[in-house]
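The next block is coords_26.cif, given as mmCIF, C-alpha atoms (C1' of nucleotides) and all ligand atoms.
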```
data_query
#
loop_
_atom_site.label_atom_id
_atom_site.label_comp_id
_atom_site.auth_asym_id
_atom_site.auth_seq_id
_atom_site.Cartn_x
_atom_site.Cartn_y
_atom_site.Cartn_z
CA MET A 1 0.00 0.00 0.00
CA SER A 2 2.93 2.31 -0.59
CA LYS A 3 1.86 5.91 -0.15
CA PRO A 4 3.79 8.13 -2.51
CA ALA A 5 7.11 8.59 -0.76
CA ASP A 6 7.38 12.09 0.69
CA HIS A 7 9.92 14.47 -0.69
CA GLN A 8 12.50 14.06 2.04
CA GLN A 9 12.40 10.29 1.74
CA LEU A 10 12.68 10.41 -2.04
CA PHE A 11 15.59 12.81 -1.74
CA GLU A 12 17.52 10.74 0.79
CA ASN A 13 16.98 7.63 -1.25
CA ALA A 14 18.16 9.31 -4.43
CA LEU A 15 21.32 10.46 -2.68
CA ASP A 16 21.90 6.91 -1.46
CA ARG A 17 21.58 5.52 -4.95
CA LEU A 18 24.04 8.13 -6.18
CA ARG A 19 26.52 7.32 -3.42
CA THR A 20 26.09 3.58 -3.81
CA SER A 21 26.89 3.87 -7.50
CA GLY A 22 30.27 5.26 -6.53
CA TYR A 23 29.82 8.94 -7.22
CA LYS A 24 30.63 11.78 -4.89
CA VAL A 25 27.77 13.57 -3.24
CA THR A 26 28.69 17.12 -4.11
CA ALA A 27 26.90 20.36 -3.34
CA ALA A 28 25.81 20.75 -6.94
CA ARG A 29 24.35 17.25 -7.12
CA ARG A 30 22.68 17.52 -3.74
CA ASP A 31 21.15 20.90 -4.55
CA LEU A 32 19.90 19.76 -7.93
CA LEU A 33 18.31 16.65 -6.50
CA LYS A 34 16.72 18.62 -3.70
CA ILE A 35 15.20 21.01 -6.19
CA LEU A 36 13.83 18.16 -8.26
CA CYS A 37 12.44 16.30 -5.27
CA GLN A 38 10.81 19.31 -3.68
CA THR A 39 9.24 21.03 -6.65
CA GLY A 40 6.63 18.49 -7.67
CA ASP A 41 9.02 17.38 -10.41
CA HIS A 42 8.74 18.04 -14.15
CA LEU A 43 11.49 20.63 -14.34
CA THR A 44 13.62 21.55 -17.32
CA SER A 45 17.35 22.22 -17.21
CA THR A 46 16.57 25.93 -17.30
CA ASP A 47 14.11 25.60 -14.42
CA VAL A 48 16.82 23.98 -12.33
CA ILE A 49 19.37 26.65 -13.19
CA GLU A 50 16.93 29.40 -12.25
CA LYS A 51 15.75 27.83 -9.02
CA ALA A 52 19.30 27.23 -7.89
CA ALA A 53 20.17 30.84 -8.60
CA GLN A 54 17.08 32.08 -6.77
CA ALA A 55 18.06 30.03 -3.74
CA LYS A 56 21.46 31.77 -3.79
CA ARG A 57 23.10 28.46 -4.52
CA PRO A 58 23.84 28.78 -8.22
CA ILE A 59 24.96 25.72 -10.15
CA GLY A 60 27.05 26.16 -13.27
CA ARG A 61 25.29 25.48 -16.57
CA ALA A 62 27.70 22.71 -17.49
CA SER A 63 27.23 21.03 -14.14
CA VAL A 64 23.47 21.11 -14.40
CA PHE A 65 23.53 19.33 -17.75
CA ARG A 66 26.20 16.90 -16.61
CA THR A 67 24.30 16.07 -13.48
CA LEU A 68 21.00 15.61 -15.31
CA ASP A 69 22.78 13.24 -17.70
CA LEU A 70 24.44 11.30 -14.90
CA LEU A 71 21.27 10.91 -12.86
CA THR A 72 19.45 9.78 -15.99
CA GLU A 73 22.08 7.12 -16.70
CA LEU A 74 21.72 5.89 -13.16
CA GLY A 75 17.95 5.71 -13.52
CA ILE A 76 17.44 8.16 -10.68
CA ILE A 77 15.69 10.71 -12.83
CA ARG A 78 14.05 10.48 -16.21
CA PRO A 79 13.41 13.02 -18.96
CA THR A 80 9.90 13.26 -20.36
CA TYR A 81 8.23 15.45 -22.94
CA LEU A 82 5.24 17.26 -21.54
CA HIS A 83 4.42 20.61 -23.01
CA ARG A 84 7.07 21.24 -25.65
CA GLY A 85 10.61 22.49 -25.70
CA ALA A 86 13.30 21.09 -23.45
CA PRO A 87 12.75 17.80 -21.64
CA ASN A 88 11.10 17.79 -18.24
CA TYR A 89 12.86 15.71 -15.63
CA ILE A 90 11.16 13.66 -12.95
CA VAL A 91 12.66 11.76 -10.06
CA MET A 92 12.08 8.04 -10.38
CA PRO A 93 11.39 6.36 -7.06
CA GLU A 94 13.39 3.25 -6.29
CA ASN A 95 10.61 0.99 -7.55
CA GLY A 96 11.17 2.61 -10.93
CA HIS A 97 7.57 3.50 -11.33
CA HIS A 98 5.93 6.68 -12.55
CA ALA A 99 2.79 7.41 -14.50
CA HIS A 100 0.79 10.46 -15.42
CA ILE A 101 -1.95 11.42 -17.82
CA ILE A 102 -1.25 14.25 -20.22
CA CYS A 103 -4.23 16.12 -21.61
CA ARG A 104 -3.91 16.41 -25.36
CA ASP A 105 -5.63 19.79 -25.29
CA CYS A 106 -4.32 21.78 -22.36
CA SER A 107 -1.22 19.74 -21.59
CA GLN A 108 -2.36 19.47 -18.00
CA VAL A 109 -0.56 16.65 -16.22
CA ILE A 110 -2.52 14.40 -13.87
CA GLU A 111 -0.31 12.31 -11.65
CA ILE A 112 -1.47 8.77 -10.95
CA ASN A 113 -0.45 6.20 -8.40
CA GLU A 114 -2.43 3.18 -9.54
CA CYS A 115 -1.12 0.72 -12.07
CA SER A 116 -1.72 -2.45 -14.11
CA ILE A 117 -2.66 -1.09 -17.46
CA ASP A 118 -5.88 -2.56 -18.81
CA GLU A 119 -8.11 -2.46 -15.76
CA MET A 120 -6.08 0.52 -14.74
CA ILE A 121 -7.06 2.52 -17.78
CA ASP A 122 -10.73 1.72 -17.27
CA ALA A 123 -10.52 2.76 -13.63
CA LEU A 124 -8.64 5.95 -14.47
CA GLU A 125 -11.18 6.99 -17.06
CA VAL A 126 -13.89 6.82 -14.42
CA ARG A 127 -11.88 8.27 -11.57
CA HIS A 128 -10.58 11.27 -13.46
CA ASN A 129 -13.53 11.60 -15.78
CA ILE A 130 -11.23 11.60 -18.76
CA GLU A 131 -11.15 9.67 -21.96
CA ILE A 132 -7.83 7.99 -22.49
CA THR A 133 -7.04 7.63 -26.15
CA GLY A 134 -3.49 6.42 -26.15
CA HIS A 135 -0.35 5.83 -24.21
CA LEU A 136 3.37 5.48 -24.40
CA LEU A 137 4.95 2.98 -22.09
CA GLU A 138 8.66 3.03 -21.56
CA LEU A 139 10.20 0.09 -19.76
CA TYR A 140 13.72 0.34 -18.45
CA GLY A 141 16.07 -2.51 -17.87
CA LYS A 142 19.40 -4.03 -18.67
CA CYS A 143 19.53 -6.09 -21.85
CA LYS A 144 21.40 -9.37 -22.22
CA ASP A 145 24.11 -7.77 -24.37
CA CYS A 146 24.93 -5.65 -21.36
CA GLU A 147 24.94 -8.67 -19.09
CA MET B 1 -4.91 -9.86 -33.21
CA SER B 2 -3.71 -6.69 -34.90
CA LYS B 3 -0.41 -7.25 -36.62
CA PRO B 4 1.66 -4.09 -36.50
CA ALA B 5 0.28 -1.98 -39.32
CA ASP B 6 2.66 -1.83 -42.25
CA HIS B 7 4.28 1.43 -43.18
CA GLN B 8 2.01 2.32 -46.05
CA GLN B 9 -1.09 1.75 -43.94
CA LEU B 10 0.29 3.77 -41.05
CA PHE B 11 1.18 6.56 -43.45
CA GLU B 12 -2.22 6.70 -45.16
CA ASN B 13 -3.95 6.66 -41.81
CA ALA B 14 -1.79 9.44 -40.47
CA LEU B 15 -2.60 11.55 -43.52
CA ASP B 16 -6.28 10.88 -42.96
CA ARG B 17 -6.09 12.02 -39.38
CA LEU B 18 -4.32 15.16 -40.49
CA ARG B 19 -6.91 15.90 -43.16
CA THR B 20 -9.82 15.08 -40.89
CA SER B 21 -8.50 17.55 -38.35
CA GLY B 22 -8.91 20.26 -40.95
CA TYR B 23 -5.32 20.79 -42.00
CA LYS B 24 -4.01 20.90 -45.51
CA VAL B 25 -2.04 17.95 -46.75
CA THR B 26 0.99 19.77 -48.07
CA ALA B 27 4.13 18.42 -49.66
CA ALA B 28 6.16 19.22 -46.55
CA ARG B 29 3.75 17.43 -44.24
CA ARG B 30 3.38 14.45 -46.52
CA ASP B 31 7.11 14.09 -46.98
CA LEU B 32 7.81 14.38 -43.29
CA LEU B 33 5.20 11.78 -42.40
CA LYS B 34 6.45 9.44 -45.07
CA ILE B 35 9.96 9.70 -43.70
CA LEU B 36 8.77 8.99 -40.17
CA CYS B 37 6.60 6.08 -41.23
CA GLN B 38 9.22 4.44 -43.40
CA THR B 39 12.34 4.76 -41.31
CA GLY B 40 11.48 2.52 -38.39
CA ASP B 41 10.65 5.66 -36.43
CA HIS B 42 12.65 7.30 -33.64
CA LEU B 43 13.92 10.23 -35.69
CA THR B 44 15.03 13.63 -34.48
CA SER B 45 14.22 16.93 -36.17
CA THR B 46 17.71 16.91 -37.64
CA ASP B 47 17.26 13.37 -38.96
CA VAL B 48 14.14 14.48 -40.77
CA ILE B 49 15.81 17.54 -42.23
CA GLU B 50 18.71 15.44 -43.49
CA LYS B 51 16.62 12.66 -44.94
CA ALA B 52 14.39 15.11 -46.75
CA ALA B 53 17.44 16.82 -48.23
CA GLN B 54 18.97 13.49 -49.28
CA ALA B 55 15.75 12.59 -51.04
CA LYS B 56 16.03 15.86 -52.99
CA ARG B 57 12.84 17.06 -51.35
CA PRO B 58 14.22 19.46 -48.77
CA ILE B 59 11.88 20.80 -46.09
CA GLY B 60 12.67 24.15 -44.48
CA ARG B 61 13.89 23.99 -40.92
CA ALA B 62 11.01 26.08 -39.63
CA SER B 63 8.49 23.84 -41.37
CA VAL B 64 10.01 20.71 -39.93
CA PHE B 65 9.66 22.03 -36.39
CA ARG B 66 6.21 23.41 -37.04
CA THR B 67 5.05 20.14 -38.51
CA LEU B 68 6.51 18.06 -35.71
CA ASP B 69 4.69 20.30 -33.24
CA LEU B 70 1.41 20.11 -35.12
CA LEU B 71 1.50 16.35 -35.49
CA THR B 72 2.32 16.03 -31.82
CA GLU B 73 -0.65 18.18 -30.85
CA LEU B 74 -2.87 16.00 -33.00
CA GLY B 75 -1.52 12.88 -31.33
CA ILE B 76 -0.25 11.52 -34.63
CA ILE B 77 3.36 11.45 -33.52
CA ARG B 78 4.98 11.61 -30.11
CA PRO B 79 8.39 12.78 -28.91
CA THR B 80 10.32 10.36 -26.75
CA TYR B 81 13.66 10.56 -25.05
CA LEU B 82 15.90 7.71 -26.03
CA HIS B 83 19.60 8.26 -26.16
CA ARG B 84 20.15 11.92 -25.34
CA GLY B 85 19.96 15.18 -27.19
CA ALA B 86 16.97 16.19 -29.27
CA PRO B 87 13.68 14.32 -28.93
CA ASN B 88 13.06 11.24 -31.03
CA TYR B 89 9.70 11.17 -32.73
CA ILE B 90 7.60 8.09 -33.31
CA VAL B 91 4.38 7.71 -35.24
CA MET B 92 1.51 6.72 -33.00
CA PRO B 93 -0.87 4.29 -34.67
CA GLU B 94 -4.55 5.11 -34.47
CA ASN B 95 -5.01 2.89 -31.42
CA GLY B 96 -2.60 5.24 -29.69
CA HIS B 97 -0.37 2.46 -28.57
CA HIS B 98 3.38 2.14 -28.54
CA ALA B 99 5.84 0.47 -26.23
CA HIS B 100 9.53 -0.31 -26.22
CA ILE B 101 12.18 -1.36 -23.79
CA ILE B 102 15.23 0.85 -23.41
CA CYS B 103 18.40 -0.71 -22.10
CA ARG B 104 19.81 1.40 -19.31
CA ASP B 105 23.34 0.46 -20.34
CA CYS B 106 23.59 0.53 -24.12
CA SER B 107 20.42 2.49 -24.88
CA GLN B 108 19.37 -0.24 -27.27
CA VAL B 109 15.66 -0.03 -28.03
CA ILE B 110 13.61 -3.22 -28.19
CA GLU B 111 10.21 -2.72 -29.78
CA ILE B 112 7.33 -4.66 -28.28
CA ASN B 113 3.86 -5.44 -29.50
CA GLU B 114 2.37 -7.16 -26.46
CA CYS B 115 0.65 -5.28 -23.69
CA SER B 116 -1.14 -5.40 -20.33
CA ILE B 117 1.52 -4.39 -17.94
CA ASP B 118 1.93 -6.77 -15.04
CA GLU B 119 1.76 -10.13 -16.78
CA MET B 120 3.23 -8.32 -19.72
CA ILE B 121 6.36 -7.39 -17.86
CA ASP B 122 6.85 -10.94 -16.62
CA ALA B 123 6.43 -12.28 -20.12
CA LEU B 124 8.77 -9.72 -21.59
CA GLU B 125 11.50 -10.49 -19.10
CA VAL B 126 11.45 -14.10 -20.22
CA ARG B 127 10.97 -13.45 -23.92
CA HIS B 128 13.74 -10.90 -24.23
CA ASN B 129 15.91 -12.30 -21.46
CA ILE B 130 16.10 -8.90 -19.85
CA GLU B 131 15.49 -7.67 -16.37
CA ILE B 132 13.01 -4.84 -16.31
CA THR B 133 13.68 -2.49 -13.46
CA GLY B 134 11.33 0.36 -14.12
CA HIS B 135 9.01 2.05 -16.50
CA LEU B 136 7.41 5.29 -17.47
CA LEU B 137 3.87 5.14 -18.73
CA GLU B 138 2.37 8.11 -20.47
CA LEU B 139 -1.35 8.07 -21.06
CA TYR B 140 -2.88 10.54 -23.48
CA GLY B 141 -6.41 11.80 -23.39
CA LYS B 142 -8.65 14.79 -23.16
CA CYS B 143 -9.35 16.06 -19.64
CA LYS B 144 -12.72 17.26 -18.43
CA ASP B 145 -11.58 20.89 -18.38
CA CYS B 146 -11.13 20.57 -22.12
CA GLU B 147 -14.56 19.00 -22.48
"C1'" DA C 1 45.77 17.00 8.17
"C1'" DT C 2 47.21 15.47 3.66
"C1'" DC C 3 46.63 13.88 -0.79
"C1'" DT C 4 44.47 12.40 -5.12
"C1'" DT C 5 41.22 12.47 -8.25
"C1'" DA C 6 36.54 13.49 -9.41
"C1'" DT C 7 34.05 17.34 -10.04
"C1'" DT C 8 33.07 22.10 -10.72
"C1'" DG C 9 32.13 26.42 -13.27
"C1'" DA C 10 33.67 30.43 -16.25
"C1'" DT C 11 34.05 31.02 -20.92
"C1'" DA C 12 33.79 29.97 -25.62
"C1'" DC C 13 31.49 27.39 -28.79
"C1'" DT C 14 28.18 24.44 -31.41
"C1'" DT C 15 23.66 22.82 -32.28
"C1'" DA C 16 18.55 23.11 -31.65
"C1'" DA C 17 14.66 25.79 -31.98
"C1'" DT C 18 12.06 30.14 -32.79
"C1'" DC C 19 10.65 34.45 -35.20
"C1'" DT C 20 9.62 37.36 -39.19
"C1'" DC C 21 7.80 38.15 -43.38
"C1'" DA C 22 7.47 37.96 -48.40
"C1'" DA C 23 6.50 34.19 -51.67
"C1'" DT C 24 3.96 30.01 -52.58
"C1'" DT C 25 0.28 26.61 -52.77
"C1'" DG C 26 -3.64 23.42 -51.44
"C1'" DG C 27 -8.04 22.91 -52.21
"C1'" DA C 28 -12.71 25.15 -52.00
"C1'" DG C 29 -15.68 27.36 -55.01
"C1'" DT C 30 -17.23 28.53 -59.57
"C1'" DA D 1 -10.08 23.89 -65.74
"C1'" DC D 2 -9.48 28.44 -63.68
"C1'" DT D 3 -9.64 31.73 -59.88
"C1'" DC D 4 -8.84 33.06 -55.47
"C1'" DC D 5 -7.26 33.42 -50.71
"C1'" DA D 6 -6.21 31.89 -46.26
"C1'" DA D 7 -3.05 28.50 -44.84
"C1'" DT D 8 1.42 27.24 -45.25
"C1'" DT D 9 6.18 27.46 -46.60
"C1'" DG D 10 11.16 28.61 -46.36
"C1'" DA D 11 15.25 31.98 -46.31
"C1'" DG D 12 17.50 34.35 -43.13
"C1'" DA D 13 18.14 36.45 -38.63
"C1'" DT D 14 17.83 35.57 -33.85
"C1'" DT D 15 17.49 33.30 -29.42
"C1'" DA D 16 17.79 29.29 -26.50
"C1'" DA D 17 19.67 24.77 -25.39
"C1'" DG D 18 23.44 21.96 -24.86
"C1'" DT D 19 28.65 20.83 -25.26
"C1'" DA D 20 33.76 21.36 -24.94
"C1'" DT D 21 37.86 23.06 -22.58
"C1'" DC D 22 40.58 23.58 -18.80
"C1'" DA D 23 42.37 25.75 -14.58
"C1'" DA D 24 40.56 25.85 -9.83
"C1'" DT D 25 38.20 23.37 -6.17
"C1'" DA D 26 36.54 20.07 -2.84
"C1'" DA D 27 34.87 15.16 -1.60
"C1'" DG D 28 36.33 11.61 0.75
"C1'" DA D 29 39.94 8.05 1.33
"C1'" DT D 30 44.14 7.15 4.05
MN MN A 201 4.40 12.98 -13.58
MN MN A 202 9.75 2.37 -30.18
ZN ZN A 203 -7.14 19.52 -20.62
ZN ZN A 204 22.04 -3.11 -23.46
#
```
Please express what this file holds, its structure, as C-alpha cells.
Amino acid sequence: MSKPADHQQLFENALDRLRTSGYKVTAARRDLLKILCQTGDHLTSTDVIEKAAQAKRPIGRASVFRTLDLLTELGIIRPTYLHRGAPNYIVMPENGHHAHIICRDCSQVIEINECSIDEMIDALEVRHNIEITGHLLELYGKCKDCE
Amino acid sequence: MSKPADHQQLFENALDRLRTSGYKVTAARRDLLKILCQTGDHLTSTDVIEKAAQAKRPIGRASVFRTLDLLTELGIIRPTYLHRGAPNYIVMPENGHHAHIICRDCSQVIEINECSIDEMIDALEVRHNIEITGHLLELYGKCKDCE
DNA sequence: ATCTTATTGATACTTAATCTCAATTGGAGT
DNA sequence: ACTCCAATTGAGATTAAGTATCAATAAGAT
C-alpha cells in the first residue's frame, strides 16, 4: 500500500543511490536533486538553473547538464516530454515507477499512483472523468548484451 | 490480433487524421510523415531535415519544427527521449499504442507489441531475457476541463 | 591533516529551436 | 479547368539549449 514517498524520503533515497553507485555527493548534485524532489518534479534544465540561482546556490550550466545526464544514466531521474521544448525531468522512485496522464488539449498533467494497465485505464477513465485515447509505455532494464 | 500496421497503412492513416483535423495535406507534411513512417521511427528533427534533403525534397527547418509540433498536438506522432539530445519522434498508430524497452546500459531499443503491464512485464522479461527495473507510462487523453 | 582524483564552473562554442515576413500553394468554389 | 485566398512554406536572422575546454576546487579516502 505504498503511499507516494514524501519528498525528504525520495531525496535521501536518491542520494543513497548516487553514493552507492560510486559517485561523490557534491553540493551541486545535492542541490539539484533537492530542487527536483521538492518542486513536484517536471522541471527543465533551465528551471533547475533558475531555481538554484534564486536560492542563492547557483549551479554552473555545465554542471546542471552533466548532473542531469548522470542521474538519468543511473535511472534516478528520467526526462519526459510534456508541453514542448526542453525535456522535463522527474525523479524516479526506487521501484522505478511513474505514470501520469497528459491532456492532449491543455497539456495538463494528472499524476497517478495506480497501475496495471488494462483495468487501470478503465478505472482511471472513471476516476478522473477523462477519456484515455493512447499511451506510451517506456520500460527500463538491462539487456542481455549488457549482461 | 492486430499485426503491426505496415508502413504504407500507417502513413495513409496518419494523412487521414491530419486531413480530418482540418489541416491541408501539403508536400512538406506528406514528406515528413512518409519519412517517419518508413524509417522505423525514432527520428530527431535533424534526422528528418537530413533525410528530406537526401531525397532531394528538402523541407525548411522552420516547417520541420512546425510540422513536428502540429502532429504532436494531434496525437499523430509523439516525442520520446531515447539516447540523449533532441527528442526522437515516433508515429503513434490510431489505437494510440506504442511500447519499447530501453536498455539502461547501451540504450538499445527493443520494440514490443504485447501489452497489459503486469503479466506483460513478466512475459517480456522471459521473452527478451532482460530484467526490467522500471518504466514510465504516459497516457494521453482529453481532460474534463477541455470537455 | 594530507593527498588524489573526481568534479566544478567560467568562458567559448556548437547545435537546436524560434521568429519574421514575403512568396507560394492546397483545395474550396465557380 | 481556372480563380482566389487563407493556410502554409522557407530563407534568413535571432534566441535558446546543450557541449567542450581547462584551470581551480573540494569530496572523501588514508
Ligand atoms: Mn508525472
Ligand atoms: Mn519504439
Ligand atoms: Zn485539458
Ligand atoms: Zn544493453
Around ligand MN 202 (chain A), which protein and nucleic acid residues have at least one atom no more than 9 Å from it, if we count all atoms listed in the file? List them as a VMD selection string. (chain A and resid 138) or (chain B and resid 40 to 42 80 90 98 to 102 109 to 112)
Please write the residues from the selection above to a file, keeping C-alpha atoms, as a short mmCIF file (atom, residue, chain, number, x, y, z; two decimals), keeping the file's coordinate frame.
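Saved file again_21.cif follows:
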```
data_model
loop_
_atom_site.label_atom_id
_atom_site.label_comp_id
_atom_site.auth_asym_id
_atom_site.auth_seq_id
_atom_site.Cartn_x
_atom_site.Cartn_y
_atom_site.Cartn_z
CA GLU A 138 8.66 3.03 -21.56
CA GLY B 40 11.48 2.52 -38.39
CA ASP B 41 10.65 5.66 -36.43
CA HIS B 42 12.65 7.30 -33.64
CA THR B 80 10.32 10.36 -26.75
CA ILE B 90 7.60 8.09 -33.31
CA HIS B 98 3.38 2.14 -28.54
CA ALA B 99 5.84 0.47 -26.23
CA HIS B 100 9.53 -0.31 -26.22
CA ILE B 101 12.18 -1.36 -23.79
CA ILE B 102 15.23 0.85 -23.41
CA VAL B 109 15.66 -0.03 -28.03
CA ILE B 110 13.61 -3.22 -28.19
CA GLU B 111 10.21 -2.72 -29.78
CA ILE B 112 7.33 -4.66 -28.28
#
```
So, counting only C-alpha atoms (C1' of nucleotides), which residue among D:DA24, D:DA29, D:DA17, D:DC5 is closest to chain A? D:DA17
Just fit chain B onto chain A on all the Cα atoms, in order, by least squares, and give it as a tab-separated table (two decimals) with C-alpha atoms, in the coordinates of the input.
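Result went into result.tsv, see below:
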```tsv
chain	number	residue	atom	x	y	z
B	1	MET	CA	0.14	-0.22	-0.15
B	2	SER	CA	3.02	2.17	-0.70
B	3	LYS	CA	1.92	5.73	-0.23
B	4	PRO	CA	3.86	8.00	-2.54
B	5	ALA	CA	7.15	8.54	-0.77
B	6	ASP	CA	7.42	12.02	0.68
B	7	HIS	CA	9.96	14.42	-0.68
B	8	GLN	CA	12.55	14.00	2.03
B	9	GLN	CA	12.46	10.22	1.70
B	10	LEU	CA	12.72	10.37	-2.07
B	11	PHE	CA	15.63	12.77	-1.76
B	12	GLU	CA	17.58	10.69	0.76
B	13	ASN	CA	17.03	7.59	-1.31
B	14	ALA	CA	18.19	9.29	-4.46
B	15	LEU	CA	21.36	10.42	-2.70
B	16	ASP	CA	21.93	6.87	-1.53
B	17	ARG	CA	21.62	5.51	-5.02
B	18	LEU	CA	24.07	8.11	-6.23
B	19	ARG	CA	26.57	7.29	-3.50
B	20	THR	CA	26.15	3.56	-3.91
B	21	SER	CA	26.94	3.90	-7.59
B	22	GLY	CA	30.32	5.27	-6.62
B	23	TYR	CA	29.83	8.95	-7.30
B	24	LYS	CA	30.65	11.78	-4.99
B	25	VAL	CA	27.80	13.56	-3.30
B	26	THR	CA	28.72	17.11	-4.17
B	27	ALA	CA	26.94	20.34	-3.37
B	28	ALA	CA	25.83	20.73	-6.98
B	29	ARG	CA	24.37	17.24	-7.15
B	30	ARG	CA	22.71	17.50	-3.78
B	31	ASP	CA	21.19	20.87	-4.56
B	32	LEU	CA	19.92	19.75	-7.93
B	33	LEU	CA	18.32	16.63	-6.50
B	34	LYS	CA	16.75	18.58	-3.69
B	35	ILE	CA	15.23	20.99	-6.17
B	36	LEU	CA	13.84	18.14	-8.26
B	37	CYS	CA	12.47	16.28	-5.26
B	38	GLN	CA	10.84	19.29	-3.68
B	39	THR	CA	9.26	21.03	-6.63
B	40	GLY	CA	6.64	18.50	-7.63
B	41	ASP	CA	8.99	17.39	-10.39
B	42	HIS	CA	8.72	18.05	-14.12
B	43	LEU	CA	11.50	20.63	-14.30
B	44	THR	CA	13.62	21.60	-17.27
B	45	SER	CA	17.35	22.28	-17.16
B	46	THR	CA	16.56	25.99	-17.21
B	47	ASP	CA	14.11	25.62	-14.32
B	48	VAL	CA	16.83	24.00	-12.27
B	49	ILE	CA	19.37	26.67	-13.12
B	50	GLU	CA	16.93	29.40	-12.15
B	51	LYS	CA	15.78	27.82	-8.93
B	52	ALA	CA	19.33	27.20	-7.83
B	53	ALA	CA	20.21	30.83	-8.52
B	54	GLN	CA	17.12	32.07	-6.65
B	55	ALA	CA	18.12	29.99	-3.66
B	56	LYS	CA	21.52	31.73	-3.72
B	57	ARG	CA	23.16	28.41	-4.47
B	58	PRO	CA	23.85	28.77	-8.18
B	59	ILE	CA	24.95	25.71	-10.14
B	60	GLY	CA	27.01	26.19	-13.29
B	61	ARG	CA	25.21	25.50	-16.53
B	62	ALA	CA	27.63	22.77	-17.52
B	63	SER	CA	27.21	21.05	-14.17
B	64	VAL	CA	23.45	21.12	-14.40
B	65	PHE	CA	23.51	19.35	-17.76
B	66	ARG	CA	26.19	16.93	-16.65
B	67	THR	CA	24.28	16.08	-13.51
B	68	LEU	CA	20.99	15.63	-15.32
B	69	ASP	CA	22.75	13.26	-17.71
B	70	LEU	CA	24.43	11.31	-14.94
B	71	LEU	CA	21.26	10.92	-12.90
B	72	THR	CA	19.43	9.81	-16.01
B	73	GLU	CA	22.05	7.16	-16.74
B	74	LEU	CA	21.71	5.90	-13.19
B	75	GLY	CA	17.94	5.72	-13.56
B	76	ILE	CA	17.43	8.16	-10.71
B	77	ILE	CA	15.67	10.72	-12.86
B	78	ARG	CA	14.05	10.51	-16.26
B	79	PRO	CA	13.41	13.06	-19.00
B	80	THR	CA	9.87	13.27	-20.29
B	81	TYR	CA	8.24	15.36	-22.95
B	82	LEU	CA	5.29	17.26	-21.62
B	83	HIS	CA	4.46	20.60	-23.09
B	84	ARG	CA	7.14	21.31	-25.67
B	85	GLY	CA	10.67	22.60	-25.64
B	86	ALA	CA	13.35	21.20	-23.37
B	87	PRO	CA	12.81	17.89	-21.59
B	88	ASN	CA	11.09	17.83	-18.23
B	89	TYR	CA	12.84	15.75	-15.62
B	90	ILE	CA	11.14	13.69	-12.96
B	91	VAL	CA	12.65	11.78	-10.08
B	92	MET	CA	12.07	8.06	-10.40
B	93	PRO	CA	11.41	6.40	-7.06
B	94	GLU	CA	13.40	3.28	-6.29
B	95	ASN	CA	10.60	1.04	-7.55
B	96	GLY	CA	11.16	2.68	-10.91
B	97	HIS	CA	7.56	3.58	-11.30
B	98	HIS	CA	5.90	6.74	-12.51
B	99	ALA	CA	2.76	7.45	-14.47
B	100	HIS	CA	0.74	10.49	-15.43
B	101	ILE	CA	-1.97	11.42	-17.84
B	102	ILE	CA	-1.30	14.24	-20.28
B	103	CYS	CA	-4.26	16.07	-21.73
B	104	ARG	CA	-3.90	16.30	-25.48
B	105	ASP	CA	-5.66	19.67	-25.46
B	106	CYS	CA	-4.39	21.71	-22.53
B	107	SER	CA	-1.28	19.69	-21.71
B	108	GLN	CA	-2.44	19.46	-18.12
B	109	VAL	CA	-0.64	16.68	-16.28
B	110	ILE	CA	-2.60	14.44	-13.93
B	111	GLU	CA	-0.38	12.36	-11.66
B	112	ILE	CA	-1.52	8.83	-10.94
B	113	ASN	CA	-0.51	6.30	-8.35
B	114	GLU	CA	-2.50	3.26	-9.46
B	115	CYS	CA	-1.19	0.78	-11.97
B	116	SER	CA	-1.79	-2.40	-13.99
B	117	ILE	CA	-2.70	-1.08	-17.34
B	118	ASP	CA	-5.90	-2.54	-18.71
B	119	GLU	CA	-8.16	-2.43	-15.67
B	120	MET	CA	-6.12	0.56	-14.67
B	121	ILE	CA	-7.09	2.52	-17.72
B	122	ASP	CA	-10.77	1.73	-17.23
B	123	ALA	CA	-10.58	2.82	-13.63
B	124	LEU	CA	-8.72	5.98	-14.48
B	125	GLU	CA	-11.23	7.00	-17.10
B	126	VAL	CA	-13.96	6.87	-14.48
B	127	ARG	CA	-11.95	8.35	-11.63
B	128	HIS	CA	-10.65	11.32	-13.56
B	129	ASN	CA	-13.60	11.61	-15.92
B	130	ILE	CA	-11.28	11.59	-18.88
B	131	GLU	CA	-11.18	9.61	-22.05
B	132	ILE	CA	-7.85	7.93	-22.55
B	133	THR	CA	-7.03	7.55	-26.19
B	134	GLY	CA	-3.48	6.34	-26.16
B	135	HIS	CA	-0.36	5.78	-24.20
B	136	LEU	CA	3.36	5.43	-24.37
B	137	LEU	CA	4.96	2.97	-22.02
B	138	GLU	CA	8.67	3.03	-21.47
B	139	LEU	CA	10.20	0.10	-19.65
B	140	TYR	CA	13.73	0.38	-18.31
B	141	GLY	CA	16.08	-2.48	-17.72
B	142	LYS	CA	19.40	-4.00	-18.51
B	143	CYS	CA	19.55	-6.07	-21.70
B	144	LYS	CA	21.41	-9.35	-22.04
B	145	ASP	CA	24.12	-7.76	-24.19
B	146	CYS	CA	24.96	-5.63	-21.18
B	147	GLU	CA	24.98	-8.68	-18.93
```
Which residue gives the smallest distance to chain A among B:Lys24, B:Lys142, B:His83, B:Arg66, with all atoms listed in the file counted?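 Looking only at the distances to chain A, the closest residue turns out to be B:Lys142.
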Produce a table with one row for each residue of chain A that has an atom at most 6 Å from any atom of ligand ZN 204 (chain A), each row naming the nearest atom pair and its distance in Å at one decimal; use all atoms listed in the file; arrange rows by chain and rising residue number; format as JSON lines.
```
{"residue": "A:Lys142", "atom": "CA", "partner": "A:ZN204", "partner_atom": "ZN", "distance": 5.5}
{"residue": "A:Cys143", "atom": "CA", "partner": "A:ZN204", "partner_atom": "ZN", "distance": 4.2}
{"residue": "A:Asp145", "atom": "CA", "partner": "A:ZN204", "partner_atom": "ZN", "distance": 5.2}
{"residue": "A:Cys146", "atom": "CA", "partner": "A:ZN204", "partner_atom": "ZN", "distance": 4.4}
```
For B:Leu71, find every residue with an atom within 12 Å (counting all atoms listed in the file), except residues of its own chain fewer than 4 positions away, and show them as a list of chain:residue names. A:Arg104, B:Ala14, B:Leu15, B:Arg17, B:Leu18, B:Arg19, B:Ser21, B:Tyr23, B:Val25, B:Arg29, B:Arg30, B:Leu32, B:Leu33, B:Leu36, B:Ser63, B:Val64, B:Phe65, B:Arg66, B:Thr67, B:Gly75, B:Ile76, B:Ile77, B:Arg78, B:Pro79, B:Tyr89, B:Ile90, B:Val91, B:Met92
